[in-house]
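Worksheet: the structure to be examined is printed underneath.
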Amino acid sequence: MATGSWADEEDELPPTRIIDNKDGTKLVISYKFNEDNKKVQITQKIKHTMIREHVHPAVAARRKWKKYGAEKDKPEGPDLSTTQIGDPVQLKLSFNMKQAELEEEEKQKAEQKSTTINVFKCRYCGGEHFTARCPYKETLGSMSQSTASNPPPEDESSGNAGGSGGSGYVPPHLRNRKPGEASSGGKFERDDSTTLRVTQLNEIVDEDMIRHELFGNFRSIQRVNLVRNRETGKSKGLAYVAFATISDAERALEMYNGKGYHNLILQLEWSKPKK
Amino acid sequence: MRPILLKGHERSLTQVKFNKEGDLILSVGKDTVASIWYSFNGERLGTLKGHSGTIWTIDVSEDSKLAITGSADFSAKLWNVETGECLFTWSLETPVRRVEFNPYKDEILMAIDAVMGFNGRILVFKLNKDNLSEQSTEPILDIPTRKDFVKAMIVGYSYGGKYIVAGHQDGVISKYDAENGKFMASEKIHEKQITDIQFSEDRTYFITSSKDKTACLVDTDSFKVLKTYETDAPMNSATITPVKDFVVLGGGQEARDVTTTSAKQGKFEARFFHKVFQDEIGRVAGHFGPLNYVAMHPNGSGYASGGEDGFIRLHYFEKHYFDFKYDVELTANSSLA
């Protein structure tokens with residue numbers, strides 16, 4: 001901008017002026033262009049104060065020492081890699097610090113207690129510890145397991161598969177286990193031979209509709225499990241339906257495979273065990 | 001207040017010290033290099049390189065020209081503080097846990113550890129100031145740990161260089177005549193290991209810190225506990241503040257337990273106690289690990305703490321600190337006037 005053509009000359013900035021005042025302050029007048037490209041005058045009043053620090057002559061001499069070791073040949077002044085300014089810290093001196101602290105600690109403890117109630121709850125006895133550490137594990141544990149395997153089959157199976165059952169997570173190999181029954185090998189002990197896999201379901205179809213509308217004339221439906229999106233809860237158009245007998249399942253497969261339901265053509269097949 | 005962070009060490013700090021005028025800070029840690037800093041802006045003057053093991057301790061002479069370090073590599077080294085060169089090396093049979101210049105005489109005090117069947121000892125060497133690179137390796141005083149005592153890892157000179165005071169592993173303090181090394185007194189004041197002894201300005205009394213979560217103010221002559229400061233964590237260091245009647249304690253959860261606790265629970269704070277009333281009056285947080293050493297600026301304007309986290313935090317107090325007084329102190333002063 002400074003060495004432009006004569007047409008630009010008007011846009012040149014006047015040089016900065018420094019005026020020494022009588023009272024020891026300095027007036028600095030400088031110019032610059034603001035955002036709208038207009039010339040702006042900046043007037044700053046500056047006062048210099050010399051701070052003279054009296055130090056021991058030895059201290060003054062030590063400040064002139066040359067750096068050595070890892071700092072050798074480094075420029076004067078603190079190196080940011082070794083010297084930094086930390087975040088401000090508070091030192092509030094008070095007489096009753098202990099009391100205030102005790103109060104705070106108690107508050108914290110109370111808070112902690114209230115959170116632990118929410119966090120830990122034994123599934124056997126309801127106490128504030130991990131289920132695995134329950135002192136009544138031996139006695140209560142087997143009881144609750146035997147009750148868990150007894151409720152109506154429909155409830156149990158949908159609860160276990162969907163994870164929405166009341167008693168929390170049960171690992172697959174422990175599901176449906178009867179008390180005293182040793183692990184009988186297979187990954188899934190559930191018998192899937194009577195289960196049909198129903199795909200191409202309309203999104204609006206829910207479990208009740210499958211049970212009562214679609215397969216309404218089959219009395220022997222044991223379990224309907226509609227696969228849903230974990231987050232939105234929307235149906236993925238896929239369901240597993242278990243019948244009481246193989247013949248019922250066969251009948252349903254023949255009846256509905258390739259038939260229309262809520263504007264979509266259903267596809268039914270035998271459920272394959274997971275690998 | 002905004003602390004200045006000095007990040008010159010790669011491992012935890014073991015000792016941080018000011019020189020007599022307070023313009024230099026000397027720090028040593030578990031890495032093998034000592035650092036020297038300017039206290040007014042935190043600039044590093046240089047490093048002292050030469051040891052091959054953890055440096056446990058450092059001290060600086062009264063005129064700030066010489067420094068001495070004691071290391072786990074079984075040696076102590078004498079350094080020129082201005083140039084950073086090593087002037088002399090003492091080879092010892094065990095690690096050196098504490099070194100100190102005699103502020104009144106040309107002598108060096110060392111406490112050496114008891115390991116590998118060797119007995120812990122307190123040694124005094126003559127400092128040859130005429131030819132610094134030629135030092136005697138024969139101690140002028142050799143005080144082996146007494147049969148009924150466990151090893152002492154902390155030592156210091158009392159007023160006038162009259163006594164040598166030692167802090168033992170089992171919480172006992174003992175006192176020896178600095179002239180001939182004769183045992184004079186002992187007192188069990190702590191339940192556990194004594195981690196630090198720092199003297200008052202005039203060296204007539206000192207403060208001890210211990211793993212038993214307390215610190216004690218002890219009179220050098222009578223060897224009686226004057227004051228006790230109780231905390232809730234093992235203490236690694238304690239110091240007496242000049243100007244104000246406070247003491248500063250540093251410590252925290254044991255290093256090996258740190259990973260199992262959060263920073264908040266670890267109690268990694270410098271604690272301020274009133275020296276006379278024994279009340280805790282304030283805390284300064286900031287370190288991520290236990291404080292291994294706290295040192296006061298000799299003019300009382302600030303303090304530095306070296307932590308297990310490898311940082312030195314240098315603090316300068318604000319006005320509030322100097323204005324703080326108990327009501328009793330205020331009335332006592334006004335009645336005097």
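Here's how to read the names in the structure tokens: chain A, B, ... by the order shown, residue numbers from 1 in each chain, ligand numbers from 1 in the order shown.
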> Quick one: residues within 7 Å of Ser39 (chain B), only C-alpha atoms counted, chain neighbours fewer than 4 positions away excluded, as a ChimeraX atom specification?
Replying inline: /B:23-25
>> Near chain A, meaning an atom within 8 Å, which residues of chain B appear when counting only C-alpha atoms? Write them as an NGL selection string.
In response: :B and (1-8 or 21 or 23 or 38 or 41-49 or 82-84 or 279-286 or 320-321 or 324 or 326)
>> Considering only strand (DSSP E) as DSSP defines it on the backbone, what residues of region 152-229 of chain B qualify? List them as a ChimeraX atom specification.
In response: /B:152-157,163-168,172-177,183-188,194-199,205-210,214-219,225-229
> Near Ile204 (chain A), within 10 Å and counting only C-alpha atoms, which residues show up once chain neighbours fewer than 4 positions away are dropped, as a PyMOL selection string?
Replying inline: chain A and resi 209+234-237+262
>> as a VMD selection string, please: the residues near Leu214 (chain A) (cut-off 10 Å, only C-alpha atoms, same-chain neighbours under 4 positions excluded).
In response: chain A and resid 205 207 to 210 218 252 256 261
Please produce a file of those selected residues containing all heavy atoms, as a short mmCIF file (atom, residue, chain, number, x, y, z; two decimals), in the first residue's frame.
data_model
loop_
_atom_site.label_atom_id
_atom_site.label_comp_id
_atom_site.auth_asym_id
_atom_site.auth_seq_id
_atom_site.Cartn_x
_atom_site.Cartn_y
_atom_site.Cartn_z
N VAL A 205 -46.17 -53.39 12.14
CA VAL A 205 -46.60 -54.64 12.79
C VAL A 205 -45.84 -54.83 14.10
O VAL A 205 -44.62 -54.71 14.15
CB VAL A 205 -46.36 -55.84 11.85
CG1 VAL A 205 -46.69 -57.13 12.54
CG2 VAL A 205 -47.15 -55.67 10.58
N GLU A 207 -45.67 -57.10 18.11
CA GLU A 207 -45.79 -58.47 18.61
C GLU A 207 -47.25 -58.90 18.72
O GLU A 207 -47.61 -60.03 18.35
CB GLU A 207 -45.11 -58.61 19.97
CG GLU A 207 -43.60 -58.65 19.91
CD GLU A 207 -42.98 -57.29 20.12
OE1 GLU A 207 -43.69 -56.28 19.93
OE2 GLU A 207 -41.78 -57.22 20.46
N ASP A 208 -48.07 -58.01 19.25
CA ASP A 208 -49.48 -58.36 19.47
C ASP A 208 -50.18 -58.68 18.16
O ASP A 208 -50.99 -59.60 18.08
CB ASP A 208 -50.20 -57.18 20.15
CG ASP A 208 -50.10 -57.30 21.65
OD1 ASP A 208 -49.58 -58.36 22.11
OD2 ASP A 208 -50.51 -56.37 22.35
N MET A 209 -49.82 -57.86 17.14
CA MET A 209 -50.46 -58.08 15.84
C MET A 209 -50.04 -59.43 15.27
O MET A 209 -50.86 -60.15 14.67
CB MET A 209 -50.10 -56.97 14.86
CG MET A 209 -50.78 -55.65 15.21
SD MET A 209 -50.07 -54.29 14.32
CE MET A 209 -50.81 -54.50 12.71
N ILE A 210 -48.78 -59.78 15.45
CA ILE A 210 -48.33 -61.07 14.94
C ILE A 210 -49.07 -62.19 15.64
O ILE A 210 -49.59 -63.13 15.03
CB ILE A 210 -46.82 -61.23 15.14
CG1 ILE A 210 -46.07 -60.19 14.30
CG2 ILE A 210 -46.37 -62.64 14.77
CD1 ILE A 210 -44.59 -60.12 14.57
N PHE A 218 -53.74 -69.76 15.30
CA PHE A 218 -52.86 -70.77 15.92
C PHE A 218 -52.86 -70.53 17.42
O PHE A 218 -52.39 -69.51 17.88
CB PHE A 218 -51.44 -70.67 15.37
CG PHE A 218 -51.33 -71.08 13.93
CD1 PHE A 218 -51.51 -70.17 12.92
CD2 PHE A 218 -51.04 -72.39 13.61
CE1 PHE A 218 -51.40 -70.54 11.61
CE2 PHE A 218 -50.94 -72.78 12.28
CZ PHE A 218 -51.13 -71.85 11.27
N ALA A 252 -48.23 -73.25 9.51
CA ALA A 252 -48.12 -71.79 9.39
C ALA A 252 -47.22 -71.43 8.22
O ALA A 252 -47.50 -70.49 7.46
CB ALA A 252 -47.57 -71.20 10.68
N TYR A 256 -48.68 -69.09 5.16
CA TYR A 256 -48.39 -67.65 5.05
C TYR A 256 -47.19 -67.31 4.20
O TYR A 256 -47.02 -66.15 3.84
CB TYR A 256 -48.21 -67.04 6.45
CG TYR A 256 -49.50 -66.98 7.21
CD1 TYR A 256 -49.76 -67.85 8.25
CD2 TYR A 256 -50.48 -66.05 6.83
CE1 TYR A 256 -50.96 -67.81 8.92
CE2 TYR A 256 -51.68 -66.01 7.49
CZ TYR A 256 -51.92 -66.87 8.55
OH TYR A 256 -53.10 -66.84 9.20
N TYR A 261 -49.32 -59.24 3.73
CA TYR A 261 -49.76 -58.80 5.05
C TYR A 261 -49.33 -57.36 5.21
O TYR A 261 -48.12 -57.05 5.13
CB TYR A 261 -49.14 -59.70 6.13
CG TYR A 261 -49.57 -59.34 7.53
CD1 TYR A 261 -50.93 -59.36 7.89
CD2 TYR A 261 -48.64 -59.01 8.49
CE1 TYR A 261 -51.31 -59.04 9.17
CE2 TYR A 261 -49.02 -58.69 9.78
CZ TYR A 261 -50.37 -58.70 10.11
OH TYR A 261 -50.75 -58.39 11.38
#
> How far is it from CA of Tyr136 (chain A) to CA of Val170 (chain A), in Å with one decimal?
Replying inline: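 Between CA of Tyr136 (chain A) and CA of Val170 (chain A) the gap is 18.4 Å.
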> Neighbours of Phe130 (chain A) within 7 Å (only C-alpha atoms; same-chain residues fewer than 3 positions away dropped), as a ChimeraX atom specification?
Replying inline: /A:120-122,133-134
Please produce a file of the residues just selected, as a JSON list (two decimals), in the first residue's frame, where the atoms kept are N, CA, C and O atoms.
[["chain", "number", "residue", "atom", "x", "y", "z"],
["A", 120, "PHE", "N", -25.19, -50.20, 42.99],
["A", 120, "PHE", "CA", -25.09, -51.62, 43.34],
["A", 120, "PHE", "C", -26.38, -52.11, 43.98],
["A", 120, "PHE", "O", -26.90, -51.49, 44.91],
["A", 121, "LYS", "N", -26.86, -53.18, 43.46],
["A", 121, "LYS", "CA", -27.97, -53.82, 44.14],
["A", 121, "LYS", "C", -27.86, -55.30, 43.86],
["A", 121, "LYS", "O", -27.86, -55.73, 42.72],
["A", 122, "CYS", "N", -27.75, -56.03, 44.95],
["A", 122, "CYS", "CA", -27.59, -57.46, 44.78],
["A", 122, "CYS", "C", -28.89, -58.05, 44.25],
["A", 122, "CYS", "O", -29.97, -57.70, 44.70],
["A", 133, "ARG", "N", -20.80, -61.20, 45.21],
["A", 133, "ARG", "CA", -20.24, -61.18, 46.56],
["A", 133, "ARG", "C", -21.32, -61.39, 47.61],
["A", 133, "ARG", "O", -21.10, -61.16, 48.79],
["A", 134, "CYS", "N", -22.50, -61.75, 47.18],
["A", 134, "CYS", "CA", -23.61, -61.88, 48.11],
["A", 134, "CYS", "C", -23.31, -62.97, 49.14],
["A", 134, "CYS", "O", -22.96, -64.09, 48.78]]
>> I want to know what sits within 8 Å of Lys213 (chain B), based on only C-alpha atoms, with residues of the same chain fewer than 4 positions away left out; could you give that as a PyMOL selection string?
In response: chain B and resi 209+230-235
Could you dump the residues just selected with N, CA and C atoms as a PDB file, in the first residue's frame?
ATOM      1  N   SER B 209       8.742 -34.832  59.772  1.00  0.00           N
ATOM      2  CA  SER B 209       7.522 -35.367  59.172  1.00  0.00           C
ATOM      3  C   SER B 209       7.662 -36.876  59.130  1.00  0.00           C
ATOM      4  N   GLU B 230      -1.414 -32.987  63.112  1.00  0.00           N
ATOM      5  CA  GLU B 230      -1.987 -34.254  62.669  1.00  0.00           C
ATOM      6  C   GLU B 230      -2.686 -34.099  61.327  1.00  0.00           C
ATOM      7  N   THR B 231      -2.476 -35.066  60.478  1.00  0.00           N
ATOM      8  CA  THR B 231      -3.110 -35.043  59.157  1.00  0.00           C
ATOM      9  C   THR B 231      -3.762 -36.399  58.903  1.00  0.00           C
ATOM     10  N   ASP B 232      -4.264 -36.575  57.697  1.00  0.00           N
ATOM     11  CA  ASP B 232      -4.944 -37.825  57.367  1.00  0.00           C
ATOM     12  C   ASP B 232      -4.214 -38.596  56.275  1.00  0.00           C
ATOM     13  N   ALA B 233      -2.958 -38.254  56.052  1.00  0.00           N
ATOM     14  CA  ALA B 233      -2.209 -38.978  55.017  1.00  0.00           C
ATOM     15  C   ALA B 233      -0.744 -39.030  55.447  1.00  0.00           C
ATOM     16  N   PRO B 234       0.008 -40.015  54.950  1.00  0.00           N
ATOM     17  CA  PRO B 234       1.431 -40.073  55.283  1.00  0.00           C
ATOM     18  C   PRO B 234       2.138 -38.801  54.800  1.00  0.00           C
ATOM     19  N   MET B 235       3.000 -38.252  55.648  1.00  0.00           N
ATOM     20  CA  MET B 235       3.667 -37.005  55.295  1.00  0.00           C
ATOM     21  C   MET B 235       5.100 -37.279  54.842  1.00  0.00           C
TER      22      MET B 235
END
> Can you list, as JSON, numbers by chain, every protein, DNA or RNA residue that comes within 9 Å of region 115-119 of chain B when you count only C-alpha atoms, leaving out same-chain residues fewer than 5 positions away?
Replying inline: {"B": [93, 94, 95, 144, 145, 151]}
>> Can you measure CA of Gln253 (chain B) to CA of Met153 (chain B) for me? One decimal in Å is fine.
In response: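 Separation of CA of Gln253 (chain B) and CA of Met153 (chain B): 20.6 Å.
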> To one decimal place, how far is CA of Thr69 (chain B) from CA of Ile164 (chain B) in Å?
Replying inline: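 We find that CA of Thr69 (chain B) and CA of Ile164 (chain B) lie 18.8 Å from each other.
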